[in-house]
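Data block for upload_25.txt (compact mmCIF, N, CA and C atoms):
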# COMPACT_ATOMS: atom_id res chain seq x y z
N MET A 230 9.81 -54.50 -62.94
CA MET A 230 9.27 -54.66 -61.61
C MET A 230 10.19 -54.09 -60.54
N ALA A 231 11.47 -54.17 -60.72
CA ALA A 231 12.40 -53.67 -59.71
C ALA A 231 12.28 -52.16 -59.57
N GLY A 232 11.96 -51.46 -60.66
CA GLY A 232 11.82 -50.01 -60.62
C GLY A 232 10.59 -49.57 -59.83
N THR A 233 9.56 -50.37 -59.80
CA THR A 233 8.34 -49.98 -59.09
C THR A 233 8.52 -50.06 -57.57
N ALA A 234 9.37 -50.94 -57.09
CA ALA A 234 9.59 -51.06 -55.64
C ALA A 234 10.26 -49.81 -55.10
N VAL A 235 11.15 -49.22 -55.86
CA VAL A 235 11.83 -48.01 -55.42
C VAL A 235 10.86 -46.83 -55.44
N GLU A 236 9.99 -46.77 -56.40
CA GLU A 236 9.03 -45.67 -56.51
C GLU A 236 7.99 -45.72 -55.39
N VAL A 237 7.64 -46.89 -54.91
CA VAL A 237 6.61 -47.05 -53.89
C VAL A 237 7.16 -46.86 -52.49
N ALA A 238 8.45 -47.03 -52.32
CA ALA A 238 9.06 -46.94 -50.99
C ALA A 238 8.82 -45.57 -50.37
N ALA A 239 8.60 -45.55 -49.09
CA ALA A 239 8.35 -44.31 -48.36
C ALA A 239 9.63 -43.49 -48.27
N PRO A 240 9.52 -42.19 -48.31
CA PRO A 240 10.73 -41.37 -48.18
C PRO A 240 11.29 -41.45 -46.76
N LEU A 241 12.57 -41.13 -46.62
CA LEU A 241 13.20 -41.18 -45.31
C LEU A 241 12.65 -40.12 -44.37
N VAL A 242 12.33 -38.94 -44.90
CA VAL A 242 11.77 -37.86 -44.10
C VAL A 242 10.31 -37.69 -44.51
N PRO A 243 9.37 -37.99 -43.60
CA PRO A 243 7.96 -37.88 -43.98
C PRO A 243 7.55 -36.43 -44.21
N SER A 244 6.60 -36.25 -45.07
CA SER A 244 6.08 -34.93 -45.37
C SER A 244 4.83 -34.71 -44.52
N PHE A 245 4.89 -33.75 -43.60
CA PHE A 245 3.77 -33.50 -42.72
C PHE A 245 2.79 -32.50 -43.31
N GLY A 246 3.24 -31.70 -44.21
CA GLY A 246 2.36 -30.72 -44.82
C GLY A 246 2.05 -29.59 -43.87
N ILE A 247 0.92 -28.95 -44.10
CA ILE A 247 0.54 -27.77 -43.33
C ILE A 247 0.21 -28.13 -41.88
N LEU A 248 -0.38 -29.30 -41.65
CA LEU A 248 -0.71 -29.68 -40.27
C LEU A 248 0.55 -29.92 -39.44
N GLY A 249 1.55 -30.50 -40.03
CA GLY A 249 2.82 -30.70 -39.33
C GLY A 249 3.49 -29.38 -39.01
N PHE A 250 3.42 -28.45 -39.96
CA PHE A 250 3.98 -27.12 -39.73
C PHE A 250 3.25 -26.43 -38.59
N LEU A 251 1.93 -26.48 -38.58
CA LEU A 251 1.15 -25.86 -37.51
C LEU A 251 1.42 -26.52 -36.16
N LEU A 252 1.64 -27.82 -36.17
CA LEU A 252 1.97 -28.53 -34.93
C LEU A 252 3.32 -28.06 -34.39
N MET A 253 4.30 -27.91 -35.27
CA MET A 253 5.61 -27.44 -34.83
C MET A 253 5.54 -26.01 -34.31
N VAL A 254 4.75 -25.16 -34.95
CA VAL A 254 4.58 -23.78 -34.48
C VAL A 254 3.91 -23.78 -33.11
N ASN A 255 2.90 -24.64 -32.93
CA ASN A 255 2.21 -24.73 -31.65
C ASN A 255 3.14 -25.19 -30.54
N VAL A 256 3.98 -26.16 -30.82
CA VAL A 256 4.92 -26.66 -29.81
C VAL A 256 5.93 -25.57 -29.45
N ALA A 257 6.43 -24.87 -30.47
CA ALA A 257 7.39 -23.78 -30.21
C ALA A 257 6.75 -22.66 -29.40
N LEU A 258 5.51 -22.32 -29.72
CA LEU A 258 4.79 -21.28 -28.98
C LEU A 258 4.55 -21.71 -27.53
N PHE A 259 4.18 -22.96 -27.33
CA PHE A 259 3.93 -23.52 -26.00
C PHE A 259 5.20 -23.48 -25.14
N ILE A 260 6.30 -23.97 -25.68
CA ILE A 260 7.56 -23.99 -24.94
C ILE A 260 8.06 -22.58 -24.70
N GLY A 261 7.93 -21.72 -25.70
CA GLY A 261 8.35 -20.33 -25.55
C GLY A 261 7.56 -19.61 -24.47
N ALA A 262 6.26 -19.87 -24.39
CA ALA A 262 5.43 -19.24 -23.37
C ALA A 262 5.85 -19.70 -21.97
N LEU A 263 6.09 -20.99 -21.81
CA LEU A 263 6.49 -21.49 -20.48
C LEU A 263 7.85 -20.93 -20.07
N ILE A 264 8.78 -20.83 -20.99
CA ILE A 264 10.09 -20.25 -20.68
C ILE A 264 9.94 -18.76 -20.34
N SER A 265 9.12 -18.07 -21.10
CA SER A 265 8.91 -16.64 -20.85
C SER A 265 8.25 -16.41 -19.49
N ILE A 266 7.31 -17.25 -19.14
CA ILE A 266 6.65 -17.13 -17.83
C ILE A 266 7.67 -17.35 -16.71
N ALA A 267 8.52 -18.34 -16.87
CA ALA A 267 9.51 -18.65 -15.84
C ALA A 267 10.54 -17.53 -15.69
N ARG A 268 10.83 -16.81 -16.75
CA ARG A 268 11.88 -15.78 -16.70
C ARG A 268 11.35 -14.39 -16.36
N THR A 269 10.05 -14.20 -16.32
CA THR A 269 9.51 -12.86 -16.09
C THR A 269 9.77 -12.40 -14.66
N ARG A 270 9.95 -11.10 -14.51
CA ARG A 270 10.15 -10.50 -13.19
C ARG A 270 9.00 -9.56 -12.84
N ASN A 271 8.02 -9.42 -13.72
CA ASN A 271 6.91 -8.50 -13.50
C ASN A 271 5.79 -9.11 -12.66
N HIS A 272 5.82 -10.40 -12.44
CA HIS A 272 4.73 -11.08 -11.74
C HIS A 272 5.24 -11.77 -10.48
N THR A 273 4.34 -11.96 -9.55
CA THR A 273 4.67 -12.71 -8.34
C THR A 273 4.72 -14.19 -8.68
N THR A 274 5.20 -14.98 -7.75
CA THR A 274 5.26 -16.43 -7.96
C THR A 274 3.88 -17.02 -8.19
N GLY A 275 2.90 -16.56 -7.42
CA GLY A 275 1.53 -17.05 -7.60
C GLY A 275 0.96 -16.72 -8.96
N SER A 276 1.26 -15.53 -9.43
CA SER A 276 0.79 -15.13 -10.76
C SER A 276 1.48 -15.95 -11.85
N GLN A 277 2.76 -16.23 -11.68
CA GLN A 277 3.48 -17.05 -12.65
C GLN A 277 2.90 -18.47 -12.69
N ILE A 278 2.57 -19.01 -11.53
CA ILE A 278 1.99 -20.36 -11.47
C ILE A 278 0.63 -20.36 -12.15
N ALA A 279 -0.17 -19.32 -11.92
CA ALA A 279 -1.49 -19.24 -12.56
C ALA A 279 -1.36 -19.18 -14.08
N TRP A 280 -0.42 -18.38 -14.57
CA TRP A 280 -0.20 -18.30 -16.01
C TRP A 280 0.30 -19.63 -16.57
N ALA A 281 1.21 -20.28 -15.86
CA ALA A 281 1.73 -21.57 -16.33
C ALA A 281 0.63 -22.62 -16.39
N LEU A 282 -0.24 -22.63 -15.39
CA LEU A 282 -1.37 -23.57 -15.41
C LEU A 282 -2.33 -23.26 -16.55
N THR A 283 -2.52 -21.99 -16.83
CA THR A 283 -3.38 -21.61 -17.96
C THR A 283 -2.79 -22.11 -19.27
N VAL A 284 -1.48 -21.93 -19.44
CA VAL A 284 -0.83 -22.39 -20.68
C VAL A 284 -0.86 -23.92 -20.77
N LEU A 285 -0.69 -24.60 -19.64
CA LEU A 285 -0.74 -26.06 -19.66
C LEU A 285 -2.15 -26.58 -19.94
N ALA A 286 -3.16 -25.92 -19.41
CA ALA A 286 -4.53 -26.36 -19.60
C ALA A 286 -5.05 -26.04 -21.00
N LEU A 287 -4.69 -24.89 -21.51
CA LEU A 287 -5.14 -24.45 -22.83
C LEU A 287 -3.92 -24.05 -23.65
N PRO A 288 -3.23 -25.02 -24.25
CA PRO A 288 -1.94 -24.72 -24.87
C PRO A 288 -1.97 -23.61 -25.92
N VAL A 289 -2.89 -23.65 -26.84
CA VAL A 289 -2.89 -22.64 -27.91
C VAL A 289 -3.40 -21.30 -27.39
N ILE A 290 -4.57 -21.31 -26.78
CA ILE A 290 -5.18 -20.06 -26.30
C ILE A 290 -4.36 -19.47 -25.16
N GLY A 291 -3.89 -20.31 -24.25
CA GLY A 291 -3.11 -19.84 -23.12
C GLY A 291 -1.79 -19.21 -23.55
N SER A 292 -1.12 -19.83 -24.52
CA SER A 292 0.14 -19.28 -25.01
C SER A 292 -0.08 -17.94 -25.70
N LEU A 293 -1.10 -17.88 -26.54
CA LEU A 293 -1.40 -16.62 -27.22
C LEU A 293 -1.81 -15.54 -26.23
N ALA A 294 -2.58 -15.91 -25.20
CA ALA A 294 -2.99 -14.94 -24.19
C ALA A 294 -1.78 -14.42 -23.42
N TRP A 295 -0.84 -15.30 -23.11
CA TRP A 295 0.36 -14.87 -22.39
C TRP A 295 1.12 -13.83 -23.19
N PHE A 296 1.36 -14.12 -24.48
CA PHE A 296 2.13 -13.19 -25.30
C PHE A 296 1.36 -11.91 -25.61
N ALA A 297 0.03 -11.99 -25.67
CA ALA A 297 -0.77 -10.80 -25.98
C ALA A 297 -1.06 -9.95 -24.75
N ILE A 298 -1.31 -10.60 -23.61
CA ILE A 298 -1.76 -9.88 -22.41
C ILE A 298 -0.77 -10.00 -21.25
N GLY A 299 -0.35 -11.20 -20.95
CA GLY A 299 0.42 -11.48 -19.74
C GLY A 299 1.75 -10.78 -19.65
N ARG A 300 2.46 -10.71 -20.75
CA ARG A 300 3.79 -10.09 -20.70
C ARG A 300 3.71 -8.60 -20.46
N ARG A 301 2.62 -7.99 -20.85
CA ARG A 301 2.48 -6.54 -20.71
C ARG A 301 1.91 -6.14 -19.35
N MET A 302 1.27 -7.09 -18.66
CA MET A 302 0.70 -6.78 -17.35
C MET A 302 1.81 -6.61 -16.33
N LYS A 303 1.65 -5.63 -15.51
CA LYS A 303 2.59 -5.46 -14.40
C LYS A 303 1.82 -5.73 -13.12
N ASN A 304 2.43 -6.45 -12.25
CA ASN A 304 1.80 -6.77 -10.97
C ASN A 304 1.90 -5.53 -10.08
N LYS A 305 0.77 -4.97 -9.74
CA LYS A 305 0.75 -3.76 -8.90
C LYS A 305 0.69 -4.16 -7.44
N VAL A 306 1.79 -3.94 -6.76
CA VAL A 306 1.88 -4.25 -5.34
C VAL A 306 2.00 -2.94 -4.60
N THR A 307 1.09 -2.71 -3.71
CA THR A 307 1.15 -1.48 -2.91
C THR A 307 1.75 -1.81 -1.54
N LEU A 308 2.65 -1.01 -1.12
CA LEU A 308 3.27 -1.20 0.18
C LEU A 308 2.57 -0.33 1.22
N ARG A 309 2.21 -0.94 2.31
CA ARG A 309 1.60 -0.19 3.41
C ARG A 309 2.69 0.36 4.31
N GLN A 310 2.52 1.59 4.69
CA GLN A 310 3.53 2.19 5.56
C GLN A 310 3.00 2.37 6.97
In structure tokens, write the structure found in this file.
Amino acid sequence: MAGTAVEVAAPLVPSFGILGFLLMVNVALFIGALISIARTRNHTTGSQIAWALTVLALPVIGSLAWFAIGRRMKNKVTLRQ
């Protein structure tokens, strides 16, 4: 009987499996997108806020959109003379 108690005990580090791995990837992508948005110099402050709100509202899609589209966009500002 003493041997069965050790076998039934939960491990110290839980196994999350594939869903835990995907959750960790999502969190890393989310944090990475917000840091990247904050450090970019290609966008105005308003554009950075809009991207940050998009990532906050839609964490997975917003983060992927930032890395696929947002980083490559350059803010075109024309100066009037």
Can you report as JSON the centre and edge lengths in Å, to one decimal, of an axis-aligned box around the listed atoms of segment 245-260 of chain A padded with 8 Å on each side?
{"center_x": 3.7, "center_y": -27.5, "center_z": -34.8, "size_x": 24.8, "size_y": 28.5, "size_z": 36.1}
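Across the structure, atom C of Val254 of chain A and atom CA of Thr273 of chain A are spaced 27.1 Å apart.
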- request: Take atom CA of Asn255 of chain A and atom CA of Ser292 of chain A and report the distance between them in Å, one decimal.
  value: 8.8 Å
- request: Could you jot down the atom CA of Ala281 of chain A to atom CA of Ile264 of chain A separation for me, Å, one decimal place?
  value: 9.5 Å
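Distances from A:Pro288, A:Leu293, A:Gly275, A:Met302 to Val256 of chain A were compared using only C-alpha atoms, and the smallest one belongs to A:Pro288.
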message: Residues within 9 Å of (4.7, -18.6, -24.1), file coordinates, counting only C-alpha atoms: what are they? Give the list as a PyMOL selection string.
response: chain A and resi 257-266+281+284+291-296
Dump all heavy atoms of segment 289-304 of chain A from the given block, as a CSV table (one decimal), in the first residue's frame.
chain,number,residue,atom,x,y,z
A,289,VAL,N,-3.8,37.3,-30.2
A,289,VAL,CA,-3.1,36.4,-31.2
A,289,VAL,C,-3.1,37.0,-32.6
A,289,VAL,O,-2.0,37.2,-33.2
A,289,VAL,CB,-3.9,35.0,-31.3
A,289,VAL,CG1,-3.3,34.1,-32.3
A,289,VAL,CG2,-3.9,34.4,-29.9
A,290,ILE,N,-4.3,37.5,-33.1
A,290,ILE,CA,-4.3,38.1,-34.4
A,290,ILE,C,-3.6,39.4,-34.5
A,290,ILE,O,-2.9,39.7,-35.4
A,290,ILE,CB,-5.8,38.3,-34.8
A,290,ILE,CG1,-6.5,36.9,-34.9
A,290,ILE,CG2,-5.9,39.0,-36.2
A,290,ILE,CD1,-8.0,36.9,-35.1
A,291,GLY,N,-3.7,40.2,-33.4
A,291,GLY,CA,-3.0,41.5,-33.4
A,291,GLY,C,-1.5,41.4,-33.4
A,291,GLY,O,-0.8,42.1,-34.1
A,292,SER,N,-1.0,40.4,-32.6
A,292,SER,CA,0.4,40.2,-32.6
A,292,SER,C,1.0,39.7,-33.9
A,292,SER,O,2.0,40.2,-34.4
A,292,SER,CB,0.8,39.2,-31.5
A,292,SER,OG,0.4,39.6,-30.2
A,293,LEU,N,0.2,38.7,-34.5
A,293,LEU,CA,0.7,38.2,-35.8
A,293,LEU,C,0.6,39.3,-36.9
A,293,LEU,O,1.5,39.4,-37.7
A,293,LEU,CB,-0.2,37.0,-36.2
A,293,LEU,CG,0.0,35.8,-35.4
A,293,LEU,CD1,-1.0,34.7,-35.8
A,293,LEU,CD2,1.4,35.2,-35.5
A,294,ALA,N,-0.4,40.2,-36.8
A,294,ALA,CA,-0.6,41.2,-37.8
A,294,ALA,C,0.6,42.2,-37.6
A,294,ALA,O,1.1,42.8,-38.6
A,294,ALA,CB,-1.9,41.9,-37.6
A,295,TRP,N,0.9,42.5,-36.4
A,295,TRP,CA,2.0,43.5,-36.2
A,295,TRP,C,3.3,43.0,-36.8
A,295,TRP,O,4.0,43.7,-37.5
A,295,TRP,CB,2.3,43.7,-34.7
A,295,TRP,CG,3.6,44.4,-34.4
A,295,TRP,CD1,4.7,43.9,-33.9
A,295,TRP,CD2,3.9,45.8,-34.8
A,295,TRP,NE1,5.7,44.8,-33.8
A,295,TRP,CE2,5.2,46.0,-34.4
A,295,TRP,CE3,3.2,46.8,-35.4
A,295,TRP,CZ2,5.9,47.2,-34.5
A,295,TRP,CZ3,3.9,48.0,-35.5
A,295,TRP,CH2,5.2,48.2,-35.1
A,296,PHE,N,3.7,41.7,-36.5
A,296,PHE,CA,4.9,41.1,-37.1
A,296,PHE,C,4.8,40.9,-38.6
A,296,PHE,O,5.9,41.0,-39.3
A,296,PHE,CB,5.3,39.8,-36.4
A,296,PHE,CG,5.8,40.1,-35.0
A,296,PHE,CD1,5.1,39.6,-33.9
A,296,PHE,CD2,6.9,40.8,-34.7
A,296,PHE,CE1,5.6,39.8,-32.6
A,296,PHE,CE2,7.4,41.0,-33.5
A,296,PHE,CZ,6.7,40.5,-32.4
A,297,ALA,N,3.7,40.7,-39.1
A,297,ALA,CA,3.5,40.5,-40.6
A,297,ALA,C,3.4,41.8,-41.4
A,297,ALA,O,4.0,41.9,-42.4
A,297,ALA,CB,2.3,39.6,-40.8
A,298,ILE,N,2.7,42.7,-40.8
A,298,ILE,CA,2.4,44.0,-41.6
A,298,ILE,C,3.0,45.2,-40.9
A,298,ILE,O,3.6,46.0,-41.6
A,298,ILE,CB,0.8,44.1,-41.7
A,298,ILE,CG1,0.2,42.9,-42.4
A,298,ILE,CG2,0.5,45.4,-42.4
A,298,ILE,CD1,-1.3,42.9,-42.3
A,299,GLY,N,2.8,45.4,-39.6
A,299,GLY,CA,3.1,46.6,-38.9
A,299,GLY,C,4.5,47.0,-38.9
A,299,GLY,O,4.9,48.2,-39.1
A,300,ARG,N,5.4,46.0,-38.7
A,300,ARG,CA,6.8,46.3,-38.7
A,300,ARG,C,7.4,46.8,-40.0
A,300,ARG,O,8.3,47.6,-40.1
A,300,ARG,CB,7.6,45.1,-38.2
A,300,ARG,CG,7.4,44.8,-36.8
A,300,ARG,CD,8.2,43.6,-36.3
A,300,ARG,NE,9.6,44.0,-36.3
A,300,ARG,CZ,10.5,43.2,-36.1
A,300,ARG,NH1,10.3,41.9,-35.9
A,300,ARG,NH2,11.8,43.6,-36.1
A,301,ARG,N,6.7,46.4,-41.1
A,301,ARG,CA,7.2,46.7,-42.4
A,301,ARG,C,6.6,48.0,-42.9
A,301,ARG,O,7.2,48.6,-43.9
A,301,ARG,CB,6.9,45.6,-43.4
A,301,ARG,CG,7.7,44.4,-43.1
A,301,ARG,CD,7.5,43.3,-44.1
A,301,ARG,NE,8.3,42.2,-43.8
A,301,ARG,CZ,7.8,41.0,-43.4
A,301,ARG,NH1,6.5,40.8,-43.3
A,301,ARG,NH2,8.6,40.0,-43.1
A,302,MET,N,5.5,48.5,-42.3
A,302,MET,CA,4.9,49.7,-42.8
A,302,MET,C,5.8,50.9,-42.3
A,302,MET,O,6.3,50.9,-41.2
A,302,MET,CB,3.5,49.9,-42.1
A,302,MET,CG,2.5,48.9,-42.7
A,302,MET,SD,0.9,49.1,-41.9
A,302,MET,CE,0.7,50.8,-41.7
A,303,LYS,N,5.9,51.8,-43.2
A,303,LYS,CA,6.6,53.1,-42.8
A,303,LYS,C,5.5,54.2,-42.8
A,303,LYS,O,4.7,54.3,-43.7
A,303,LYS,CB,7.7,53.4,-43.8
A,303,LYS,CG,8.8,52.3,-43.8
A,303,LYS,CD,10.1,52.9,-44.0
A,303,LYS,CE,11.1,51.8,-44.1
A,303,LYS,NZ,12.1,51.9,-43.2
A,304,ASN,N,5.6,55.0,-41.8
A,304,ASN,CA,4.7,56.1,-41.8
A,304,ASN,C,5.1,57.2,-42.7
A,304,ASN,O,6.2,57.8,-42.6
A,304,ASN,CB,4.6,56.7,-40.3
A,304,ASN,CG,3.5,57.6,-40.1
A,304,ASN,OD1,2.6,57.7,-41.0
A,304,ASN,ND2,3.5,58.3,-39.0
